[in-house]
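Colleague: Okay, so here is run28.pdb, and as you'll see once you scroll down, it has PDB, C-alpha atoms.
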MODEL        1
ATOM      1  CA  GLN A  28      15.786  28.794 118.777  1.00  0.00           C
ATOM      2  CA  VAL A  29      13.855  26.186 116.762  1.00  0.00           C
ATOM      3  CA  GLN A  30      12.702  28.898 114.356  1.00  0.00           C
ATOM      4  CA  THR A  31      16.238  30.209 113.972  1.00  0.00           C
ATOM      5  CA  ILE A  32      17.665  26.751 113.364  1.00  0.00           C
ATOM      6  CA  LEU A  33      14.900  25.900 110.924  1.00  0.00           C
ATOM      7  CA  GLY A  34      15.572  29.157 109.051  1.00  0.00           C
ATOM      8  CA  ALA A  35      19.290  28.447 108.889  1.00  0.00           C
ATOM      9  CA  VAL A  36      18.713  24.866 107.752  1.00  0.00           C
ATOM     10  CA  SER A  37      16.161  26.021 105.197  1.00  0.00           C
ATOM     11  CA  GLN A  38      18.524  28.648 103.785  1.00  0.00           C
ATOM     12  CA  ALA A  39      21.418  26.213 103.720  1.00  0.00           C
ATOM     13  CA  PHE A  40      19.297  23.696 101.858  1.00  0.00           C
ATOM     14  CA  LEU A  41      18.169  26.297  99.345  1.00  0.00           C
ATOM     15  CA  ASP A  42      21.755  27.513  98.795  1.00  0.00           C
ATOM     16  CA  TYR A  43      23.018  23.990  98.404  1.00  0.00           C
ATOM     17  CA  SER A  44      20.260  23.057  95.987  1.00  0.00           C
ATOM     18  CA  LEU A  45      21.043  26.148  93.903  1.00  0.00           C
ATOM     19  CA  GLN A  46      24.764  25.479  93.908  1.00  0.00           C
ATOM     20  CA  SER A  47      24.298  21.812  93.045  1.00  0.00           C
ATOM     21  CA  ARG A  48      22.066  22.687  90.105  1.00  0.00           C
ATOM     22  CA  GLN A  49      24.488  25.299  88.787  1.00  0.00           C
ATOM     23  CA  ALA A  50      27.674  23.309  89.411  1.00  0.00           C
ATOM     24  CA  ASP A  51      27.440  21.330  86.174  1.00  0.00           C
ATOM     25  CA  ILE A  52      26.520  24.453  84.221  1.00  0.00           C
ATOM     26  CA  LYS A  53      29.500  26.368  85.660  1.00  0.00           C
ATOM     27  CA  ARG A  54      31.839  23.522  84.814  1.00  0.00           C
ATOM     28  CA  GLY A  55      30.404  23.510  81.295  1.00  0.00           C
ATOM     29  CA  ILE A  56      30.873  27.265  80.941  1.00  0.00           C
ATOM     30  CA  GLU A  57      34.442  27.024  82.265  1.00  0.00           C
ATOM     31  CA  PHE A  58      35.251  24.278  79.763  1.00  0.00           C
ATOM     32  CA  VAL A  59      33.751  26.294  76.922  1.00  0.00           C
ATOM     33  CA  GLU A  60      35.644  29.407  78.016  1.00  0.00           C
ATOM     34  CA  GLN A  61      38.878  27.405  78.032  1.00  0.00           C
ATOM     35  CA  GLN A  62      38.281  25.996  74.557  1.00  0.00           C
ATOM     36  CA  LEU A  63      37.134  29.216  72.864  1.00  0.00           C
ATOM     37  CA  PRO A  64      40.613  30.876  72.659  1.00  0.00           C
ATOM     38  CA  ILE A  65      42.050  27.660  71.196  1.00  0.00           C
ATOM     39  CA  LEU A  66      39.291  27.411  68.625  1.00  0.00           C
ATOM     40  CA  GLN A  67      39.552  31.122  67.785  1.00  0.00           C
ATOM     41  CA  LYS A  68      43.321  30.807  67.361  1.00  0.00           C
ATOM     42  CA  ASN A  69      42.856  27.794  65.090  1.00  0.00           C
ATOM     43  CA  VAL A  70      40.400  29.706  62.892  1.00  0.00           C
ATOM     44  CA  GLU A  71      42.714  32.733  62.712  1.00  0.00           C
ATOM     45  CA  THR A  72      45.700  30.524  61.805  1.00  0.00           C
ATOM     46  CA  LEU A  73      43.810  28.804  59.008  1.00  0.00           C
ATOM     47  CA  GLN A  74      42.551  32.145  57.696  1.00  0.00           C
ATOM     48  CA  ALA A  75      46.119  33.470  57.705  1.00  0.00           C
ATOM     49  CA  ASN A  76      47.350  30.327  55.909  1.00  0.00           C
ATOM     50  CA  LEU A  77      44.668  30.751  53.253  1.00  0.00           C
ATOM     51  CA  GLN A  78      45.562  34.408  52.789  1.00  0.00           C
ATOM     52  CA  GLN A  79      49.263  33.624  52.519  1.00  0.00           C
ATOM     53  CA  LEU A  80      48.531  30.924  49.948  1.00  0.00           C
ATOM     54  CA  ARG A  81      46.577  33.432  47.859  1.00  0.00           C
ATOM     55  CA  LEU A  82      49.255  36.125  48.126  1.00  0.00           C
ATOM     56  CA  ARG A  83      52.131  33.717  47.501  1.00  0.00           C
ATOM     57  CA  ASN A  84      50.548  32.409  44.312  1.00  0.00           C
ATOM     58  CA  ASP A  85      48.781  35.632  43.277  1.00  0.00           C
ATOM     59  CA  LEU A  86      45.330  34.089  43.044  1.00  0.00           C
ATOM     60  CA  VAL A  87      41.901  34.532  44.549  1.00  0.00           C
ATOM     61  CA  ASP A  88      40.317  31.240  43.593  1.00  0.00           C
ATOM     62  CA  PRO A  89      42.138  28.227  42.072  1.00  0.00           C
ATOM     63  CA  GLU A  90      39.041  27.233  40.120  1.00  0.00           C
ATOM     64  CA  SER A  91      38.816  30.566  38.268  1.00  0.00           C
ATOM     65  CA  ARG A  92      42.583  30.499  37.679  1.00  0.00           C
ATOM     66  CA  GLY A  93      42.280  26.963  36.320  1.00  0.00           C
ATOM     67  CA  GLN A  94      39.562  28.059  33.894  1.00  0.00           C
ATOM     68  CA  GLN A  95      41.756  30.957  32.794  1.00  0.00           C
ATOM     69  CA  LEU A  96      44.757  28.679  32.204  1.00  0.00           C
ATOM     70  CA  THR A  97      42.611  26.197  30.306  1.00  0.00           C
ATOM     71  CA  SER A  98      41.327  28.969  28.050  1.00  0.00           C
ATOM     72  CA  GLN A  99      44.859  30.233  27.448  1.00  0.00           C
ATOM     73  CA  MET A 100      46.105  26.728  26.705  1.00  0.00           C
ATOM     74  CA  SER A 101      43.360  26.231  24.136  1.00  0.00           C
ATOM     75  CA  SER A 102      44.060  29.593  22.506  1.00  0.00           C
ATOM     76  CA  PHE A 103      47.838  29.146  22.299  1.00  0.00           C
ATOM     77  CA  THR A 104      47.556  25.544  21.134  1.00  0.00           C
ATOM     78  CA  GLN A 105      45.224  26.579  18.322  1.00  0.00           C
ATOM     79  CA  ALA A 106      47.573  29.416  17.362  1.00  0.00           C
ATOM     80  CA  GLN A 107      50.549  27.025  17.350  1.00  0.00           C
ATOM     81  CA  LEU A 108      48.736  24.556  15.103  1.00  0.00           C
ATOM     82  CA  GLU A 109      47.746  27.294  12.663  1.00  0.00           C
ATOM     83  CA  ASN A 110      51.307  28.633  12.660  1.00  0.00           C
ATOM     84  CA  GLU A 111      52.646  25.132  12.018  1.00  0.00           C
ATOM     85  CA  VAL A 112      50.338  24.728   8.997  1.00  0.00           C
ATOM     86  CA  GLN A 113      51.497  28.065   7.573  1.00  0.00           C
ATOM     87  CA  LEU A 114      55.109  27.110   8.182  1.00  0.00           C
ATOM     88  CA  LYS A 115      54.752  23.799   6.349  1.00  0.00           C
ATOM     89  CA  GLN A 116      53.045  25.478   3.406  1.00  0.00           C
ATOM     90  CA  LEU A 117      55.700  28.181   3.182  1.00  0.00           C
ATOM     91  CA  ARG A 118      58.522  25.634   3.361  1.00  0.00           C
ATOM     92  CA  THR A 119      56.941  23.790   0.428  1.00  0.00           C
ATOM     93  CA  VAL A 120      56.728  27.043  -1.537  1.00  0.00           C
ATOM     94  CA  TYR A 121      60.342  27.822  -0.657  1.00  0.00           C
ATOM     95  CA  ALA A 122      61.601  24.413  -1.778  1.00  0.00           C
ATOM     96  CA  ASP A 123      59.633  24.717  -5.028  1.00  0.00           C
ATOM     97  CA  LEU A 124      61.030  28.203  -5.592  1.00  0.00           C
ATOM     98  CA  ARG A 125      64.628  27.103  -5.083  1.00  0.00           C
ATOM     99  CA  ARG A 126      64.144  24.224  -7.494  1.00  0.00           C
ATOM    100  CA  GLN A 127      62.673  26.462 -10.163  1.00  0.00           C
ATOM    101  CA  LEU A 128      65.336  29.123  -9.733  1.00  0.00           C
ATOM    102  CA  ALA A 129      68.011  26.460  -9.971  1.00  0.00           C
ATOM    103  CA  THR A 130      66.606  25.117 -13.252  1.00  0.00           C
ATOM    104  CA  ARG A 131      66.304  28.668 -14.655  1.00  0.00           C
ATOM    105  CA  SER A 132      63.199  27.552 -16.511  1.00  0.00           C
ATOM    106  CA  GLU A 133      61.179  30.536 -17.622  1.00  0.00           C
ATOM    107  CA  GLU A 134      58.066  28.428 -18.115  1.00  0.00           C
ATOM    108  CA  ASP A 135      58.292  27.009 -14.607  1.00  0.00           C
ATOM    109  CA  ALA A 136      59.026  30.417 -13.148  1.00  0.00           C
ATOM    110  CA  ALA A 137      55.974  31.844 -14.810  1.00  0.00           C
ATOM    111  CA  SER A 138      53.724  29.290 -13.096  1.00  0.00           C
ATOM    112  CA  SER A 139      55.422  29.109  -9.681  1.00  0.00           C
ATOM    113  CA  ALA A 140      55.208  31.142  -6.510  1.00  0.00           C
ATOM    114  CA  LEU A 141      57.033  33.840  -8.421  1.00  0.00           C
ATOM    115  CA  LYS A 142      53.767  34.733 -10.112  1.00  0.00           C
ATOM    116  CA  ASP A 143      52.940  36.735  -6.957  1.00  0.00           C
ATOM    117  CA  ALA A 144      56.109  38.842  -7.397  1.00  0.00           C
ATOM    118  CA  PRO A 145      55.160  41.815  -9.645  1.00  0.00           C
ATOM    119  CA  ARG A 146      58.721  42.992 -10.314  1.00  0.00           C
ATOM    120  CA  PHE A 147      59.871  39.498 -11.208  1.00  0.00           C
ATOM    121  CA  GLN A 148      56.931  39.040 -13.573  1.00  0.00           C
ATOM    122  CA  SER A 149      57.597  42.419 -15.176  1.00  0.00           C
ATOM    123  CA  VAL A 150      61.218  41.529 -15.902  1.00  0.00           C
ATOM    124  CA  LEU A 151      60.148  38.073 -17.056  1.00  0.00           C
ATOM    125  CA  GLY A 152      57.698  39.672 -19.483  1.00  0.00           C
ATOM    126  CA  GLU A 153      60.463  41.844 -20.903  1.00  0.00           C
ATOM    127  CA  LEU A 154      62.687  38.801 -21.238  1.00  0.00           C
ATOM    128  CA  LEU A 155      60.025  36.886 -23.137  1.00  0.00           C
ATOM    129  CA  LYS A 156      59.608  39.824 -25.507  1.00  0.00           C
ATOM    130  CA  VAL A 157      63.341  39.915 -26.137  1.00  0.00           C
ATOM    131  CA  ASP A 158      63.355  36.166 -26.768  1.00  0.00           C
ATOM    132  CA  THR A 159      60.581  36.639 -29.324  1.00  0.00           C
ATOM    133  CA  GLN A 160      62.458  39.470 -30.962  1.00  0.00           C
ATOM    134  CA  LEU A 161      65.661  37.447 -30.966  1.00  0.00           C
ATOM    135  CA  ALA A 162      63.911  34.482 -32.584  1.00  0.00           C
ATOM    136  CA  GLU A 163      62.469  36.700 -35.290  1.00  0.00           C
ATOM    137  CA  ALA A 164      65.774  38.492 -35.867  1.00  0.00           C
ATOM    138  CA  SER A 165      67.647  35.201 -36.112  1.00  0.00           C
ATOM    139  CA  THR A 166      65.636  34.365 -39.217  1.00  0.00           C
ATOM    140  CA  ILE A 167      66.806  37.592 -40.843  1.00  0.00           C
ATOM    141  CA  PHE A 168      70.248  38.454 -39.449  1.00  0.00           C
ATOM    142  CA  LEU A 169      73.406  36.510 -38.793  1.00  0.00           C
ATOM    143  CA  ASP A 170      74.558  35.879 -35.264  1.00  0.00           C
ATOM    144  CA  THR A 171      77.416  38.331 -35.703  1.00  0.00           C
ATOM    145  CA  THR A 172      75.251  41.271 -36.702  1.00  0.00           C
ATOM    146  CA  PRO A 173      74.852  44.235 -34.296  1.00  0.00           C
ATOM    147  CA  GLU A 174      71.108  43.651 -34.063  1.00  0.00           C
ATOM    148  CA  ILE A 175      71.545  40.083 -32.802  1.00  0.00           C
ATOM    149  CA  GLN A 176      74.396  41.077 -30.484  1.00  0.00           C
ATOM    150  CA  SER A 177      72.337  43.921 -28.996  1.00  0.00           C
ATOM    151  CA  LEU A 178      69.353  41.649 -28.334  1.00  0.00           C
ATOM    152  CA  ARG A 179      71.605  39.041 -26.731  1.00  0.00           C
ATOM    153  CA  GLU A 180      73.240  41.642 -24.471  1.00  0.00           C
ATOM    154  CA  LEU A 181      69.795  42.878 -23.479  1.00  0.00           C
ATOM    155  CA  ARG A 182      68.747  39.315 -22.779  1.00  0.00           C
ATOM    156  CA  GLN A 183      71.786  38.730 -20.547  1.00  0.00           C
ATOM    157  CA  ASN A 184      71.062  41.922 -18.638  1.00  0.00           C
ATOM    158  CA  LEU A 185      67.450  40.875 -18.146  1.00  0.00           C
ATOM    159  CA  LEU A 186      68.572  37.435 -16.981  1.00  0.00           C
ATOM    160  CA  GLY A 187      70.798  39.095 -14.395  1.00  0.00           C
ATOM    161  CA  ILE A 188      67.945  41.299 -13.184  1.00  0.00           C
ATOM    162  CA  LEU A 189      65.641  38.277 -13.173  1.00  0.00           C
ATOM    163  CA  ALA A 190      68.124  36.319 -11.063  1.00  0.00           C
ATOM    164  CA  ARG A 191      68.406  39.186  -8.580  1.00  0.00           C
ATOM    165  CA  GLU A 192      64.626  39.490  -8.379  1.00  0.00           C
ATOM    166  CA  GLY A 193      64.352  35.741  -7.849  1.00  0.00           C
ATOM    167  CA  GLY A 194      66.961  35.982  -5.100  1.00  0.00           C
ATOM    168  CA  ARG A 195      65.038  38.849  -3.493  1.00  0.00           C
ATOM    169  CA  VAL A 196      61.818  36.827  -3.524  1.00  0.00           C
ATOM    170  CA  GLU A 197      63.700  33.839  -2.110  1.00  0.00           C
ATOM    171  CA  ALA A 198      65.106  36.031   0.682  1.00  0.00           C
ATOM    172  CA  GLN A 199      61.640  37.363   1.483  1.00  0.00           C
ATOM    173  CA  ILE A 200      60.205  33.879   1.774  1.00  0.00           C
ATOM    174  CA  GLN A 201      63.173  32.781   3.890  1.00  0.00           C
ATOM    175  CA  SER A 202      62.557  35.786   6.159  1.00  0.00           C
ATOM    176  CA  GLN A 203      58.904  34.793   6.506  1.00  0.00           C
ATOM    177  CA  ILE A 204      59.942  31.240   7.330  1.00  0.00           C
ATOM    178  CA  ASN A 205      62.341  32.551   9.991  1.00  0.00           C
ATOM    179  CA  GLU A 206      59.551  34.644  11.517  1.00  0.00           C
ATOM    180  CA  LEU A 207      57.156  31.698  11.591  1.00  0.00           C
ATOM    181  CA  GLU A 208      59.839  29.448  13.096  1.00  0.00           C
ATOM    182  CA  ALA A 209      60.549  32.034  15.802  1.00  0.00           C
ATOM    183  CA  ARG A 210      56.815  32.347  16.491  1.00  0.00           C
ATOM    184  CA  ASP A 211      56.521  28.564  16.625  1.00  0.00           C
ATOM    185  CA  ARG A 212      59.303  28.376  19.210  1.00  0.00           C
ATOM    186  CA  ALA A 213      57.708  31.156  21.263  1.00  0.00           C
ATOM    187  CA  LEU A 214      54.284  29.510  21.160  1.00  0.00           C
ATOM    188  CA  LYS A 215      55.700  26.123  22.162  1.00  0.00           C
ATOM    189  CA  GLN A 216      57.604  27.742  25.034  1.00  0.00           C
ATOM    190  CA  THR A 217      54.433  29.484  26.194  1.00  0.00           C
ATOM    191  CA  ILE A 218      52.496  26.216  26.021  1.00  0.00           C
ATOM    192  CA  ARG A 219      55.200  24.472  28.082  1.00  0.00           C
ATOM    193  CA  GLU A 220      55.019  27.232  30.682  1.00  0.00           C
ATOM    194  CA  LEU A 221      51.235  27.013  30.798  1.00  0.00           C
ATOM    195  CA  ASN A 222      51.471  23.238  31.247  1.00  0.00           C
ATOM    196  CA  GLY A 223      53.850  23.821  34.131  1.00  0.00           C
ATOM    197  CA  ASN A 224      51.459  26.369  35.633  1.00  0.00           C
ATOM    198  CA  VAL A 225      48.589  23.889  35.340  1.00  0.00           C
ATOM    199  CA  LYS A 226      50.596  21.220  37.163  1.00  0.00           C
ATOM    200  CA  THR A 227      51.621  23.705  39.849  1.00  0.00           C
ATOM    201  CA  LEU A 228      48.052  24.935  40.204  1.00  0.00           C
ATOM    202  CA  SER A 229      46.877  21.360  40.717  1.00  0.00           C
ATOM    203  CA  GLY A 230      48.993  21.091  43.863  1.00  0.00           C
ATOM    204  CA  ILE A 231      47.963  24.560  45.005  1.00  0.00           C
ATOM    205  CA  ALA A 232      44.290  23.705  44.476  1.00  0.00           C
ATOM    206  CA  ARG A 233      44.621  20.606  46.680  1.00  0.00           C
ATOM    207  CA  GLU A 234      46.287  22.641  49.430  1.00  0.00           C
ATOM    208  CA  TYR A 235      43.661  25.387  49.019  1.00  0.00           C
ATOM    209  CA  THR A 236      40.818  22.862  49.290  1.00  0.00           C
ATOM    210  CA  ASP A 237      42.370  21.229  52.369  1.00  0.00           C
ATOM    211  CA  ILE A 238      42.746  24.565  54.156  1.00  0.00           C
ATOM    212  CA  GLN A 239      39.220  25.608  53.215  1.00  0.00           C
ATOM    213  CA  ARG A 240      37.817  22.331  54.531  1.00  0.00           C
ATOM    214  CA  GLU A 241      39.757  22.644  57.797  1.00  0.00           C
ATOM    215  CA  LEU A 242      38.689  26.283  58.114  1.00  0.00           C
ATOM    216  CA  ALA A 243      35.038  25.365  57.593  1.00  0.00           C
ATOM    217  CA  ILE A 244      35.247  22.695  60.305  1.00  0.00           C
ATOM    218  CA  ALA A 245      37.109  24.999  62.704  1.00  0.00           C
ATOM    219  CA  THR A 246      34.621  27.821  62.116  1.00  0.00           C
ATOM    220  CA  GLU A 247      31.688  25.465  62.676  1.00  0.00           C
ATOM    221  CA  ASN A 248      33.251  24.210  65.937  1.00  0.00           C
ATOM    222  CA  LEU A 249      33.832  27.791  67.093  1.00  0.00           C
ATOM    223  CA  ASN A 250      30.260  28.758  66.301  1.00  0.00           C
ATOM    224  CA  GLN A 251      28.951  25.701  68.125  1.00  0.00           C
ATOM    225  CA  PHE A 252      31.006  26.531  71.241  1.00  0.00           C
ATOM    226  CA  LEU A 253      29.869  30.163  71.154  1.00  0.00           C
ATOM    227  CA  ALA A 254      26.261  29.048  70.866  1.00  0.00           C
ATOM    228  CA  LYS A 255      26.763  26.538  73.684  1.00  0.00           C
ATOM    229  CA  ARG A 256      28.252  29.214  75.942  1.00  0.00           C
ATOM    230  CA  GLU A 257      25.260  31.479  75.387  1.00  0.00           C
ATOM    231  CA  ALA A 258      22.885  28.589  76.019  1.00  0.00           C
ATOM    232  CA  LEU A 259      24.678  27.715  79.266  1.00  0.00           C
ATOM    233  CA  ARG A 260      24.614  31.336  80.417  1.00  0.00           C
ATOM    234  CA  ILE A 261      20.889  31.540  79.779  1.00  0.00           C
ATOM    235  CA  ASP A 262      20.350  28.237  81.571  1.00  0.00           C
ATOM    236  CA  SER A 263      22.425  29.453  84.512  1.00  0.00           C
ATOM    237  CA  ALA A 264      20.451  32.681  84.744  1.00  0.00           C
ATOM    238  CA  GLN A 265      17.171  30.793  84.675  1.00  0.00           C
ATOM    239  CA  ARG A 266      18.284  28.524  87.520  1.00  0.00           C
ATOM    240  CA  GLU A 267      19.241  31.352  89.861  1.00  0.00           C
ATOM    241  CA  ILE A 268      15.640  31.361  91.222  1.00  0.00           C
ATOM    242  CA  PRO A 269      15.880  29.250  94.422  1.00  0.00           C
ATOM    243  CA  TRP A 270      14.088  25.897  94.522  1.00  0.00           C
ATOM    244  CA  GLU A 271      11.510  25.914  97.254  1.00  0.00           C
TER     245      GLU A 271
ENDMDL
END
Now, as a test, write the supplied structure out as structure tokens.
Modeller:
Amino acid sequence: QVQTILGAVSQAFLDYSLQSRQADIKRGIEFVEQQLPILQKNVETLQANLQQLRLRNDLVDPESRGQQLTSQMSSFTQAQLENEVQLKQLRTVYADLRRQLATRSEEDAASSALKDAPRFQSVLGELLKVDTQLAEASTIFLDTTPEIQSLRELRQNLLGILAREGGRVEAQIQSQINELEARDRALKQTIRELNGNVKTLSGIAREYTDIQRELAIATENLNQFLAKREALRIDSAQREIPWE
């Protein structure tokens, strides 16, 4: 009877000692097991939020998008400045052309922007020849003679052609000005849109950074809990050998 009782007491003591040692570990494992689904859900939610942010704004990384926008802004700004310089220069040429056409000065026309108009210069050359011929004929013939009348009619015809050529050149320059003005408006509109995109991206980048930071913390917490669970399981297995 003593041996039986001693055996029962001994076994009870061993079982109790084992249970008491593993009680804290089991409670720790239970707590970890309860927290793991919450942590996993938090990580999955943050990952989904990050993915939705990328899809909603059609971007992979705000930093690379920011560099792209900055490069585009620089390129379009430079193009707008160059276009503005060309536009100012062409407006000056246009104003000078209108003044010279209004004065109908052959000397001015010969040294103005019209010098780049071959047809105008050709007609102007013919007109200067007729003027020379008319001056020479005036020293010989009377104003009422057919020779003088013919040269004057030819001169009037050349003046008409010259005026039309001047008008054509003026229209060409005006067309170029219109094109540059339209390009200037388009470039300015693009720059405004890029500025708006930069401002929008700034807010997106902050949200992106916040989610990434929260995701990093949540992932680290999940990894720590997973590691702790494995450590507790190993500790529990090691303590299953009865204390004697």
Colleague: Would you mind telling me which residue in A:Asp170, A:Arg146, A:Gln61, A:Glu90 lies nearest to Ala190 (chain A) when using only C-alpha atoms?
Modeller: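 For Ala190 (chain A), the nearest of the candidates is A:Arg146.
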Colleague: So, with only C-alpha atoms as the atoms that count, which of A:Asp262, A:Gln94, A:Leu151, A:Val70 lies closest to Ile244 (chain A)?
Modeller: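 With only C-alpha atoms as the atom set, the closest residue is A:Val70.
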Colleague: Between A:Glu197, A:Thr171, A:Leu80, A:Gln148, which residue has the minimum interatomic distance to Arg126 (chain A), considering only C-alpha atoms?
Modeller: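 The answer is A:Glu197, which sits nearest to Arg126 (chain A).
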Colleague: What lies within 8 Å of Ala245 (chain A) using all atoms listed in the file, ignoring chain neighbours under 4 positions off, as a ChimeraX atom specification?
Modeller: /A:66,69-70,241,249
Colleague: Mind pulling up the distance from CA of Val87 (chain A) to CA of Asn248 (chain A)?
Modeller: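 Separation of CA of Asn248 (chain A) and CA of Val87 (chain A): 25.3 Å.
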Colleague: Find the residue from A:Asn184, A:Ser98, A:Asn84, A:Ser263 that sits nearest to Thr227 (chain A); use all atoms listed in the file when measuring.
Modeller: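 That would be A:Asn84, the residue with the smallest distance to Thr227 (chain A).
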Colleague: Just how far from CA of Leu117 (chain A) is CA of Leu155 (chain A), in Å to one decimal?
Modeller: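 CA of Leu117 (chain A) lies 28.1 Å from CA of Leu155 (chain A).
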Colleague: Neighbouring residues of Gly55 (chain A) were defined as those with any atom within 12 Å, considering all atoms listed in the file; residues of the same chain fewer than 2 positions away were excluded. Please report them as a PyMOL selection string.
Modeller: chain A and resi 49-53+57-62+252+255-260+262-263
Colleague: Which residues come within 8 Å of Asp158 (chain A), counting only C-alpha atoms, excluding same-chain residues fewer than 4 positions away, as a ChimeraX atom specification?
Modeller: /A:154,162,182
Colleague: Of the candidates A:Gln251, A:Thr246, A:Asn205, A:Gln105, which one gets nearest to Lys68 (chain A) if we count all atoms listed in the file?
Modeller: A:Thr246
Colleague: What does the distance from CA of Ile188 (chain A) to CA of Val150 (chain A) come to in Å, to one decimal?
Modeller: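 Atom-to-atom, CA of Ile188 (chain A) and CA of Val150 (chain A) are spaced 7.3 Å apart.
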